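Peer 1: What follows is a single structure, and I will ask about it in a moment.
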Amino acid sequence: MRIAIASDHAAIDLRQQLIAHLERSGHQVDDLGCDEGQRVDYPDYAGAAAGAVLAGGADKAVLLCGTGIGMSIAANKVVGIRAALVHDVTTARLAGEHNAANVLCIGARVVGPLVAAECLDAWLGAAFDPRHQRRLDKVAAME
Ligand code: RB5
């Protein structure tokens, strides 16, 4: 899978750990930053990753900040993005099965790297259950 990943300054370490994890699993990773040594604004990175998904350059995107909240709020402003903020493996799996989340958000100050990697695996391995399509259509109609 082609996966775009981005973080703000609060989640650089986690981003690097998750990039290594994804590459070890055979995914093609597009690292959209941010660079070290600067304080940045999460909407800039959420927008870039959302754009990569919508343009087709990435199948899915991972967004990381301190809590994951800012990234999820920002990404969900983009029409066509379904960003899920998760803290555990079950929610990550259901974000794929029930919500067809095309962006996963994790807070680096809240979730440790092992759980974060397990969340990614659960989400990427989840198959959307079409029984939930009607709800997705209603969400799309709200955009
Ligand atoms: C940055 O300090 C912090 O606000 C950000 O990483 C994130 O937690 C926002 O939701």
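In the structure tokens, the first chain shown is A, the next is B, and so on; residue numbers restart at 1 for each chain, and ligands run from 1 in the order shown.
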Using the chain letters and numbers from this document, which residues of region 61-92 of chain A does DSSP assign to helix (DSSP H, G or I), as number ranges by chain?

Peer 2: A: 69-75, 89-92

Peer 1: Determine, counting only C-alpha atoms, which protein, DNA and RNA residues have an atom within 9 Å of an atom of region 52-66 of chain A; residues of the same chain fewer than 3 positions away are not included. Present the result as a PyMOL selection string.

Peer 2: chain A and resi 1-12+14-15+29-30+42+45-49+69-72+75+79-81+83+101-110+120+124

Peer 1: I'd like the interatomic distance between CA of Ala92 (chain A) and CA of Leu18 (chain A), to a tenth of an Å.

Peer 2: 15.0 Å

Peer 1: Choose the residue, out of A:Gly68, A:Gly26, A:Gly33, A:Gly112, that has the smallest atom-to-atom separation from ligand 1; count only C-alpha atoms and all ligand atoms.

Peer 2: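 Under the stated criterion, the closest residue is A:Gly68.
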
Peer 1: With DSSP run on the backbone, what are the strand (DSSP E or B) residues within region 6-137 of chain A? I'd like them as a short mmCIF file (atom, residue, chain, number, x, y, z; two decimals) with all heavy atoms, in the first residue's frame.

Peer 2:
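Result went into states-v9.cif, see below:
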```cif
data_model
loop_
_atom_site.label_atom_id
_atom_site.label_comp_id
_atom_site.auth_asym_id
_atom_site.auth_seq_id
_atom_site.Cartn_x
_atom_site.Cartn_y
_atom_site.Cartn_z
N ALA A 6 2.59 12.17 8.01
CA ALA A 6 3.07 13.50 8.38
C ALA A 6 2.85 13.70 9.88
O ALA A 6 2.00 13.05 10.49
CB ALA A 6 2.32 14.58 7.59
N SER A 7 3.64 14.58 10.44
CA SER A 7 3.47 14.91 11.86
C SER A 7 3.84 16.37 12.07
O SER A 7 4.50 16.99 11.22
CB SER A 7 4.39 14.04 12.73
OG SER A 7 5.72 14.50 12.68
N GLN A 28 4.87 1.24 0.84
CA GLN A 28 5.61 2.36 0.23
C GLN A 28 5.20 3.62 0.98
O GLN A 28 4.02 3.99 0.98
CB GLN A 28 5.23 2.44 -1.24
CG GLN A 28 5.97 3.50 -2.02
CD GLN A 28 5.45 3.58 -3.45
OE1 GLN A 28 5.19 2.56 -4.07
NE2 GLN A 28 5.27 4.79 -3.94
N VAL A 29 6.15 4.26 1.64
CA VAL A 29 5.83 5.38 2.52
C VAL A 29 6.28 6.71 1.91
O VAL A 29 7.42 6.83 1.46
CB VAL A 29 6.49 5.20 3.90
CG1 VAL A 29 6.11 6.34 4.83
CG2 VAL A 29 6.07 3.87 4.52
N ASP A 30 5.38 7.66 1.91
CA ASP A 30 5.70 9.02 1.46
C ASP A 30 5.74 9.91 2.70
O ASP A 30 4.69 10.23 3.28
CB ASP A 30 4.64 9.49 0.46
CG ASP A 30 4.98 10.83 -0.15
OD1 ASP A 30 6.12 11.32 0.05
OD2 ASP A 30 4.12 11.39 -0.84
N ASP A 31 6.92 10.30 3.12
CA ASP A 31 7.11 11.09 4.33
C ASP A 31 6.96 12.58 4.01
O ASP A 31 7.80 13.18 3.33
CB ASP A 31 8.50 10.80 4.91
CG ASP A 31 8.74 11.53 6.23
OD1 ASP A 31 7.81 12.20 6.73
OD2 ASP A 31 9.87 11.44 6.74
N LYS A 60 -3.75 5.74 1.63
CA LYS A 60 -4.20 6.17 2.95
C LYS A 60 -3.13 7.08 3.54
O LYS A 60 -2.01 7.13 3.03
CB LYS A 60 -4.42 4.97 3.87
CG LYS A 60 -5.56 4.07 3.43
CD LYS A 60 -5.78 2.92 4.38
CE LYS A 60 -7.00 2.11 3.94
NZ LYS A 60 -7.30 0.99 4.84
N ALA A 61 -3.48 7.75 4.63
CA ALA A 61 -2.50 8.62 5.29
C ALA A 61 -2.55 8.44 6.79
O ALA A 61 -3.59 8.14 7.37
CB ALA A 61 -2.75 10.08 4.92
N VAL A 62 -1.40 8.67 7.41
CA VAL A 62 -1.25 8.64 8.86
C VAL A 62 -0.84 10.03 9.31
O VAL A 62 0.11 10.61 8.75
CB VAL A 62 -0.18 7.61 9.28
CG1 VAL A 62 0.00 7.62 10.80
CG2 VAL A 62 -0.55 6.22 8.79
N LEU A 63 -1.54 10.57 10.32
CA LEU A 63 -1.25 11.92 10.82
C LEU A 63 -1.01 11.86 12.32
O LEU A 63 -1.82 11.30 13.07
CB LEU A 63 -2.43 12.85 10.52
CG LEU A 63 -2.55 13.24 9.04
CD1 LEU A 63 -3.87 13.96 8.78
CD2 LEU A 63 -1.38 14.12 8.62
N LEU A 64 0.08 12.45 12.74
CA LEU A 64 0.51 12.37 14.13
C LEU A 64 0.76 13.77 14.67
O LEU A 64 1.40 14.59 14.01
CB LEU A 64 1.82 11.58 14.23
CG LEU A 64 1.84 10.24 13.47
CD1 LEU A 64 3.27 9.73 13.38
CD2 LEU A 64 0.94 9.24 14.14
N CYS A 65 0.25 14.04 15.86
CA CYS A 65 0.61 15.26 16.57
C CYS A 65 0.66 14.90 18.05
O CYS A 65 0.74 13.71 18.39
CB CYS A 65 -0.33 16.42 16.25
SG CYS A 65 -2.06 16.19 16.73
N ALA A 83 -11.14 10.88 8.75
CA ALA A 83 -9.98 10.71 9.63
C ALA A 83 -10.45 10.20 10.99
O ALA A 83 -11.37 10.76 11.58
CB ALA A 83 -9.24 12.03 9.80
N ALA A 84 -9.81 9.15 11.47
CA ALA A 84 -10.17 8.56 12.76
C ALA A 84 -9.02 8.74 13.74
O ALA A 84 -7.88 8.37 13.44
CB ALA A 84 -10.48 7.08 12.58
N LEU A 85 -9.34 9.32 14.89
CA LEU A 85 -8.37 9.43 15.99
C LEU A 85 -8.51 8.20 16.85
O LEU A 85 -9.59 7.92 17.38
CB LEU A 85 -8.66 10.69 16.80
CG LEU A 85 -7.87 10.85 18.11
CD1 LEU A 85 -6.38 10.89 17.85
CD2 LEU A 85 -8.34 12.10 18.84
N VAL A 103 -7.79 8.09 6.73
CA VAL A 103 -6.69 8.72 7.47
C VAL A 103 -6.76 8.22 8.91
O VAL A 103 -7.85 8.19 9.51
CB VAL A 103 -6.80 10.26 7.44
CG1 VAL A 103 -5.75 10.89 8.35
CG2 VAL A 103 -6.65 10.78 6.02
N LEU A 104 -5.63 7.83 9.47
CA LEU A 104 -5.57 7.44 10.88
C LEU A 104 -4.73 8.47 11.62
O LEU A 104 -3.63 8.83 11.19
CB LEU A 104 -4.94 6.06 11.03
CG LEU A 104 -5.27 5.38 12.37
CD1 LEU A 104 -6.73 4.89 12.34
CD2 LEU A 104 -4.34 4.22 12.67
N CYS A 105 -5.26 8.95 12.75
CA CYS A 105 -4.57 9.96 13.57
C CYS A 105 -4.23 9.34 14.92
O CYS A 105 -5.07 8.65 15.53
CB CYS A 105 -5.47 11.18 13.77
SG CYS A 105 -5.98 11.97 12.24
N ILE A 106 -3.03 9.62 15.37
CA ILE A 106 -2.56 9.10 16.66
C ILE A 106 -1.81 10.22 17.38
O ILE A 106 -1.08 11.00 16.74
CB ILE A 106 -1.64 7.88 16.46
CG1 ILE A 106 -2.40 6.74 15.75
CG2 ILE A 106 -1.10 7.38 17.81
CD1 ILE A 106 -1.54 5.53 15.41
N GLY A 107 -1.98 10.27 18.70
CA GLY A 107 -1.29 11.26 19.51
C GLY A 107 -0.02 10.68 20.11
O GLY A 107 -0.07 9.72 20.90
#
```

Peer 1: Quick one: distance from CA of Val139 (chain A) to CA of Gly96 (chain A) in Å, one decimal?

Peer 2: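 It comes out at 15.4 Å.
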
Peer 1: Given the choices A:Asp129, A:Asp13, A:Asp137, A:Asp41, which gets closest to ligand 1 if the distance is worked out from only C-alpha atoms and all ligand atoms?

Peer 2: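 Of A:Asp129, A:Asp13, A:Asp137, A:Asp41, the one nearest ligand 1 is A:Asp41, counting only C-alpha atoms and all ligand atoms.
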
Peer 1: Select, from A:Cys34, A:Leu94, A:Val78, A:Cys119, the residue with the minimum atom-to-atom distance to ligand 1, counting only C-alpha atoms and all ligand atoms.

Peer 2: A:Cys34

Peer 1: Quick check, in Å to one decimal: how far apart do CA of Arg39 (chain A) and CA of Asp121 (chain A) lie?

Peer 2: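 Separation between CA of Arg39 (chain A) and CA of Asp121 (chain A): 29.0 Å.
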
Peer 1: Restricting the calculation to only C-alpha atoms: of A:Thr67, A:Ala140, A:Ala126, A:His132, which residue gets closest to Val111 (chain A)?

Peer 2: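 Between A:Thr67, A:Ala140, A:Ala126, A:His132, the residue approaching Val111 (chain A) most closely is A:Thr67.
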
Peer 1: Restricting the calculation to only C-alpha atoms and all ligand atoms: of A:Met142, A:Val86, A:Ile73, A:Ala100, which residue gets closest to ligand 1?

Peer 2: A:Ile73

Peer 1: Pick from A:Lys138, A:Trp123, A:Gln38, A:Thr90: nearest to ligand 1, with only C-alpha atoms and all ligand atoms counted?

Peer 2: A:Gln38
